[in-house]
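Novice: Have a look at this one before I ask anything.
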Amino acid sequence: MPRVCAEIPQSVFVAATEGVATHSKLASAYFRTRLEAFSRDPLGCGQVVMLGDSHTEMNDWDAAIPGDLPLRNRGIGGDTTEGLLTRLEEITLSQPEAVFLLIGTNDVWTETTPEMTVSAIARTVRVIRAKSPDTRIFVQTVFPMRVEYGPNDRIREINTLLKARSKTAKFKLLDPYALLVDTSGQLNAAYTDDGLHLNAAGNAVWSQLVTDTLRENGLLDDGA
């Protein structure tokens with residue numbers, strides 16, 4: 001059956017950022033800026049949505065993924081699991097074909113525990129599943145960091161909990177962390193210029209994982 005999508009009202013883009021305690025002042029302002037941009041170009045029905053924080057936002061998905069897939073970027077730099085939960089209505093109203101979710105990196109700088117982060121991710125999945133039951137949901141492990149103060153131990157704990165949760169939850173887990181980490185447990189130096197974000201080489205590794213997943217699940221037919 002064809003997807004039936006509701007019209008997306010402008011009200012869904014009004015950010016109640018004062019309620020997002022885990023946003024910094026800078027992140028709060030940028031959150032509003034990004035939602036304003038989304039309001040000018042809302043999601044269409046049945047697209048593939050890349051959902052997350054700066055990692056998602058900074059990758060050029062149209063260039064990275066081959067073929068003509070209707071793929072949309074809904075990454076917001078500085079966003080947290082708490083912030084993402086406040087902006088799911090646009091996602092669910094558009095009834096996406098698939099959602100690739102990567103969130104939690106910014107949680108590790110807050111008082112949010114790994115357990116709280118994973119619980120929020122699970123709640124995100126439940127909201128999307130309840131309101132858009134045909135959407136395929138791919139949850140991705142949090143990337144490692146390569147900075148002295150980087151809390152890689154918390155990231156590993158989040159990912160361990162995500163893997164345990166994926167055994168019973170209704171999402172498929174992708175593990176970009178395993179492709180990006182080096183033998184010391186940090187982000188591979190070849191994949192980053194600032195220790196926090198992926199460079200072109202790192203994004204190529206991540207994008208290939210997403211491309212392979214799209215193909216394996218019949219979502220991408222590019223003749224490869």
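Letters A, B, ... mark the chains of the structure tokens in the order given; residue numbers begin at 1 per chain; ligand numbers begin at 1, in order shown.
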Please list as a PyMOL selection string every residue within 10 Å of segment 27-32 of chain A, counting only C-alpha atoms and excluding residues in the same chain fewer than 6 positions away.
Specialist: chain A and resi 13-21+38+75-80+83-84
Novice: Residues of chain A classed as alpha helix (DSSP H) by DSSP on the backbone are to be reported as a PyMOL selection string.
Specialist: chain A and resi 25-40+54-58+61-64+81-85+89-93+114-131+152-166+176-180+200-216
Novice: Please report, as a PyMOL selection string, each residue of segment 21-111 of chain A to which DSSP assigns strand (DSSP E) when run on this structure's backbone.
Specialist: chain A and resi 48-52+71-75+98-102
Novice: Need to verify the contact set: segment 134-149 of chain A, 9 Å, only C-alpha atoms, exclusion of same-chain residues closer than 2 positions in sequence. Can you return it as a ChimeraX atom specification?
Specialist: /A:3,46,55,92,95-105,121,125,128-129,132,151-152,155-156,158-160,162-163,166,170-178,180-181,185-189,192,194-197
Novice: Go ahead and write the residues just picked, N, CA and C atoms, as a compact mmCIF listing (two decimals), in the first residue's frame.
Specialist:
# COMPACT_ATOMS: atom_id res chain seq x y z
N ARG A 3 2.20 4.91 1.01
CA ARG A 3 2.23 5.60 2.29
C ARG A 3 1.26 6.78 2.27
N GLY A 46 7.82 9.48 2.42
CA GLY A 46 8.50 8.24 2.10
C GLY A 46 9.95 8.36 1.70
N HIS A 55 27.71 15.01 13.19
CA HIS A 55 28.27 13.99 12.31
C HIS A 55 27.38 13.81 11.08
N THR A 92 7.88 11.69 11.76
CA THR A 92 6.78 10.73 11.74
C THR A 92 5.67 11.13 10.78
N GLN A 95 6.37 9.88 7.28
CA GLN A 95 6.35 8.43 7.06
C GLN A 95 7.56 7.97 6.22
N PRO A 96 8.77 8.13 6.75
CA PRO A 96 9.97 7.82 5.94
C PRO A 96 10.04 6.34 5.53
N GLU A 97 10.69 6.11 4.42
CA GLU A 97 10.99 4.74 4.03
C GLU A 97 11.98 4.14 5.02
N ALA A 98 12.95 4.95 5.42
CA ALA A 98 13.95 4.49 6.39
C ALA A 98 14.51 5.68 7.15
N VAL A 99 14.96 5.42 8.37
CA VAL A 99 15.65 6.42 9.19
C VAL A 99 16.97 5.82 9.65
N PHE A 100 18.06 6.56 9.42
CA PHE A 100 19.37 6.19 9.94
C PHE A 100 19.68 7.15 11.09
N LEU A 101 19.68 6.61 12.30
CA LEU A 101 19.78 7.42 13.51
C LEU A 101 21.18 7.31 14.14
N LEU A 102 21.81 8.46 14.34
CA LEU A 102 23.08 8.51 15.07
C LEU A 102 22.99 9.68 16.04
N ILE A 103 22.90 9.38 17.32
CA ILE A 103 22.77 10.40 18.35
C ILE A 103 23.40 9.89 19.64
N GLY A 104 23.89 10.81 20.45
CA GLY A 104 24.49 10.42 21.73
C GLY A 104 25.87 11.01 21.96
N THR A 105 26.52 11.47 20.87
CA THR A 105 27.87 12.04 21.03
C THR A 105 27.87 13.20 22.01
N ILE A 121 17.35 6.84 23.20
CA ILE A 121 17.40 6.31 21.83
C ILE A 121 16.29 5.29 21.62
N VAL A 125 13.08 5.42 18.97
CA VAL A 125 12.66 4.32 18.10
C VAL A 125 11.19 3.99 18.30
N ILE A 128 8.91 6.68 16.66
CA ILE A 128 8.87 6.55 15.20
C ILE A 128 8.08 5.30 14.81
N ARG A 129 8.35 4.20 15.49
CA ARG A 129 7.67 2.94 15.19
C ARG A 129 6.16 3.05 15.40
N SER A 132 4.88 5.74 12.63
CA SER A 132 5.24 5.44 11.24
C SER A 132 5.69 3.99 11.17
N PRO A 151 35.73 11.38 26.31
CA PRO A 151 35.25 10.32 27.19
C PRO A 151 34.92 9.03 26.44
N ASN A 152 35.94 8.42 25.86
CA ASN A 152 35.72 7.20 25.07
C ASN A 152 35.17 6.05 25.90
N ILE A 155 31.50 6.41 25.76
CA ILE A 155 31.03 6.04 24.42
C ILE A 155 30.96 4.53 24.28
N ARG A 156 32.01 3.84 24.76
CA ARG A 156 32.00 2.37 24.69
C ARG A 156 30.85 1.79 25.51
N ILE A 158 27.93 3.27 26.12
CA ILE A 158 26.70 3.50 25.34
C ILE A 158 26.56 2.43 24.27
N ASN A 159 27.65 2.18 23.56
CA ASN A 159 27.58 1.21 22.45
C ASN A 159 27.34 -0.21 22.95
N THR A 160 27.92 -0.56 24.07
CA THR A 160 27.67 -1.89 24.66
C THR A 160 26.19 -2.04 25.02
N LEU A 162 23.71 -0.33 23.71
CA LEU A 162 22.94 -0.35 22.46
C LEU A 162 22.92 -1.75 21.85
N LYS A 163 24.07 -2.41 21.86
CA LYS A 163 24.14 -3.76 21.30
C LYS A 163 23.24 -4.72 22.08
N SER A 166 19.63 -3.96 21.20
CA SER A 166 19.25 -4.29 19.83
C SER A 166 18.78 -5.74 19.68
N LYS A 170 13.09 -3.13 18.24
CA LYS A 170 12.68 -3.21 16.84
C LYS A 170 13.46 -2.23 15.98
N PHE A 171 14.77 -2.42 15.96
CA PHE A 171 15.63 -1.67 15.05
C PHE A 171 16.82 -2.53 14.69
N LYS A 172 17.46 -2.17 13.59
CA LYS A 172 18.68 -2.87 13.20
C LYS A 172 19.87 -2.01 13.60
N LEU A 173 20.85 -2.61 14.25
CA LEU A 173 22.02 -1.87 14.72
C LEU A 173 23.14 -1.93 13.69
N LEU A 174 23.67 -0.76 13.34
CA LEU A 174 24.87 -0.65 12.52
C LEU A 174 26.02 -0.22 13.43
N ASP A 175 27.22 -0.67 13.11
CA ASP A 175 28.35 -0.43 14.01
C ASP A 175 29.49 0.33 13.33
N PRO A 176 29.28 1.63 13.01
CA PRO A 176 30.38 2.41 12.44
C PRO A 176 31.54 2.57 13.41
N TYR A 177 31.26 2.54 14.72
CA TYR A 177 32.34 2.64 15.72
C TYR A 177 33.44 1.63 15.41
N ALA A 178 33.05 0.39 15.12
CA ALA A 178 34.03 -0.67 14.88
C ALA A 178 34.91 -0.39 13.66
N LEU A 180 35.75 2.72 12.68
CA LEU A 180 36.44 4.00 12.83
C LEU A 180 37.45 4.00 13.97
N VAL A 181 37.38 3.02 14.87
CA VAL A 181 38.24 3.00 16.05
C VAL A 181 39.60 2.38 15.74
N GLY A 185 41.64 2.36 21.03
CA GLY A 185 40.30 2.73 21.47
C GLY A 185 39.92 4.15 21.14
N GLN A 186 40.70 4.80 20.26
CA GLN A 186 40.40 6.17 19.86
C GLN A 186 39.98 6.20 18.38
N LEU A 187 39.43 7.35 17.98
CA LEU A 187 39.12 7.54 16.57
C LEU A 187 40.41 7.47 15.76
N ASN A 188 40.41 6.65 14.72
CA ASN A 188 41.58 6.47 13.87
C ASN A 188 42.06 7.83 13.34
N ALA A 189 43.35 8.10 13.51
CA ALA A 189 43.92 9.39 13.12
C ALA A 189 43.71 9.68 11.63
N THR A 192 40.20 11.66 10.89
CA THR A 192 39.78 12.91 11.53
C THR A 192 40.87 13.96 11.42
N ASP A 194 40.26 16.97 13.46
CA ASP A 194 40.14 17.70 14.72
C ASP A 194 39.97 16.79 15.94
N GLY A 195 39.94 15.48 15.72
CA GLY A 195 39.80 14.54 16.81
C GLY A 195 38.36 14.25 17.21
N LEU A 196 37.43 15.05 16.69
CA LEU A 196 36.02 14.89 17.05
C LEU A 196 35.14 14.51 15.86
N HIS A 197 35.41 15.14 14.72
CA HIS A 197 34.57 14.93 13.54
C HIS A 197 35.34 14.15 12.47
Novice: To one decimal in Å, tell me the separation between atom CA of Asp182 of chain A and atom CA of Val108 of chain A.
Specialist: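 Distance between the two atoms: 19.8 Å.
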Novice: Between atom CA of Ile8 of chain A and atom CA of Arg87 of chain A, measure the distance and give it in Å to one decimal.
Specialist: 12.1 Å
